[in-house]
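Each remark here refers to the structure printed beneath this line.
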Amino acid sequence: MSAFDVAIVGGGPAGLAAAERTLAAGLSTCIVDEQQRPGGQILRQPPASFSVPGWLNGRPYRKARALLARVSSDTRLHWLGGRSVLGLAPGSGPAGGIALTLAGTAGGVERIDAARVVIAGGCYDMPAAFPGWTLPGVMSAGAVQTLVKAQQVLPGQRILLFGTHPLMIVLARQIAEAGGAVVAVCFAQSFAAMVRTALRHLPRALSAPAPLIEALAGVAALRRAGVTVRFGTTVQRCAGRDVLERAILAHGEAVACDLAAMCFGFLPQSDLIRQAGAAVRWSDPAGGWEAVHDGAMRTTVPNVYVAGETTGVAGSDVAMAEGAIAGLAVAQDAGALARQEAAAAMRKPHRQRRAMTGFVELLRAVADPRPWLPQPADGTVVCRCEDISAAEVDRAIADAIAVGESFGASAVKLRCRAGMGLCQGRSCEHALVRRIASARRCPESAVEGFRVRFPARAVSVGDLLAARD
């Protein structure tokens, strides 16, 4: 069994920044990531055998690409790609620590020990269930972006983007630059409402103007490419015989398309944090659970740290700053860096993180999906893994209310199996919490999510048994 001073879960900007600091302090460091190559979603690398001309050479990626180049070339780093973390448990070594059980994406289970763990798992697209969302051709914006970034693959010929998040501008530009046809970008919010919201947060956001400038450049690029950007309308349902053929907007307007990508926001990856028993809180306004930390990225569980979108979705610049802070905290706690040295080194990333606060608040307010989320019909599937409809979920909620329970998502799972599938509730938990909160007339933060248990990812019983031999 391999043992490390620190294991970092996630090879995106936060994990890379943490590794840079722990390696500099002389700590043996590994990064575990589900992808074969480092970079995370923001720097999604093509397979090693592929060549993508001009791969992510724009200004927004320069800082992260420089970090990727520095860390990935450091021969002291142990890169454990193509592996998922199934769970965390107390270590079995004489020094204690934490045991991580890993599953290879191609099969097999292994275990490593680490004195300390940094969880930097990033975020994922917030699913939204509505009539027709399970048709082939309806995807998340993040999935489309992965294909375009990593392999220049366009999964559709006529692409419609819809939702509330400005990432749609970035994605539409990337699709257009890859030669794709974007029929429209549909924001659910009105343009006037977006401007009013942005203006309220603009003074603080100007402390870090680069993202705002890049957003304006993206809009200008779409205008030059002839891409239509619409406001005050979104997809109500998708239709087609066996695959997506058209999207039905508000007021019944039909738009012919073979790919519709939704973008209502992103949820922090919180499964390992919750499995470890660390404190989390509901992340407003988009939702999901973000990890609670002490400012130096220490969680409420000893020797477990967090960084990046796991603490709240805020973008790669904040993720890199938090990763650096987490790495320095690990080095200090491991005795590899004096307290005064760590505090001095933390000042710059803390300053960088604070500088982005205004822009992050602006983005969250502008992209707030709550008034605009499409609603499922009674027969709409909410839990895709177990094929559970909205009506079945609502009956389970009504049953729990009838017996006077102050209940959460797990009580609904026990009554109708929603959340018992391969994704372990990552696709439906968010929707369940919102429906429960509405029925109980309480805030989402008062609804308990699923109890996260081992394994955090699907794995065969055979692989688990083989790992014991």
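To be explicit about the labels: the chains of the structure tokens are called A, B, and onward in the order shown, and within each one the residues are counted from 1, while ligands get numbers from 1 in the order they are shown.
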Backbone DSSP call of helix (DSSP H, G or I) for range 61-127 of chain A, listed as number ranges by chain: A: 61-72
Print the selection's residues with N, CA and C atoms to a file, as a compact mmCIF listing (two decimals), in the first residue's frame.
# COMPACT_ATOMS: atom_id res chain seq x y z
N TYR A 61 -7.15 31.62 -19.81
CA TYR A 61 -6.56 30.35 -19.42
C TYR A 61 -5.07 30.44 -19.12
N ARG A 62 -4.46 31.59 -19.31
CA ARG A 62 -3.00 31.68 -19.23
C ARG A 62 -2.47 31.34 -17.84
N LYS A 63 -3.07 31.90 -16.81
CA LYS A 63 -2.58 31.66 -15.45
C LYS A 63 -2.72 30.19 -15.07
N ALA A 64 -3.87 29.61 -15.38
CA ALA A 64 -4.10 28.21 -15.04
C ALA A 64 -3.20 27.29 -15.85
N ARG A 65 -2.99 27.63 -17.13
CA ARG A 65 -2.10 26.81 -17.96
C ARG A 65 -0.66 26.86 -17.45
N ALA A 66 -0.23 28.00 -16.99
CA ALA A 66 1.13 28.11 -16.44
C ALA A 66 1.27 27.25 -15.18
N LEU A 67 0.24 27.26 -14.34
CA LEU A 67 0.23 26.41 -13.15
C LEU A 67 0.28 24.94 -13.54
N LEU A 68 -0.55 24.56 -14.50
CA LEU A 68 -0.57 23.17 -14.98
C LEU A 68 0.81 22.74 -15.48
N ALA A 69 1.46 23.60 -16.24
CA ALA A 69 2.78 23.26 -16.78
C ALA A 69 3.80 23.08 -15.66
N ARG A 70 3.75 23.94 -14.65
CA ARG A 70 4.72 23.84 -13.56
C ARG A 70 4.54 22.55 -12.75
N VAL A 71 3.30 22.28 -12.37
CA VAL A 71 3.06 21.14 -11.47
C VAL A 71 3.18 19.81 -12.20
N SER A 72 2.63 19.73 -13.41
CA SER A 72 2.67 18.45 -14.13
C SER A 72 4.08 18.06 -14.53
Exercise: Ser438 in chain A partners within 12 Å, only C-alpha atoms, chain neighbours under 4 positions left out, as a list in words: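 After dropping sequence-adjacent residues, the list is Asp394, Ile397, Ala398, Ile401, Ala431, Leu432, Val433, Arg434, Cys442, Pro443, Glu444, Ser445, Ala446 and Val447 of chain A.
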Arg246 in chain A surroundings by only C-alpha atoms, 12 Å radius, close-in-sequence under 5 positions cut, as a VMD selection string: chain A and resid 132 to 133 135 to 138 158 to 160 183 235 to 241 252 to 260
Pairwise distance for CA of Ala331 in chain A and CA of Ile273 in chain A, rounded to one decimal in Å: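 A separation of 20.7 Å between them.
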Residue among A:Gly39, A:Pro47, A:Gly107, A:Gly54 lying closest to Gly121 in chain A, counting only C-alpha atoms: A:Gly39
Distance criterion (only C-alpha atoms): nearest to Ala193 in chain A out of A:Asp368, A:Asp463, A:Glu214, A:Asp242: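 For Ala193 in chain A, the nearest of the given residues is A:Asp368.
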Selection near Gly462 in chain A, 10 Å with only C-alpha atoms, sequence-local residues under 3 positions removed, as a ChimeraX atom specification: /A:107-109,459,465-467
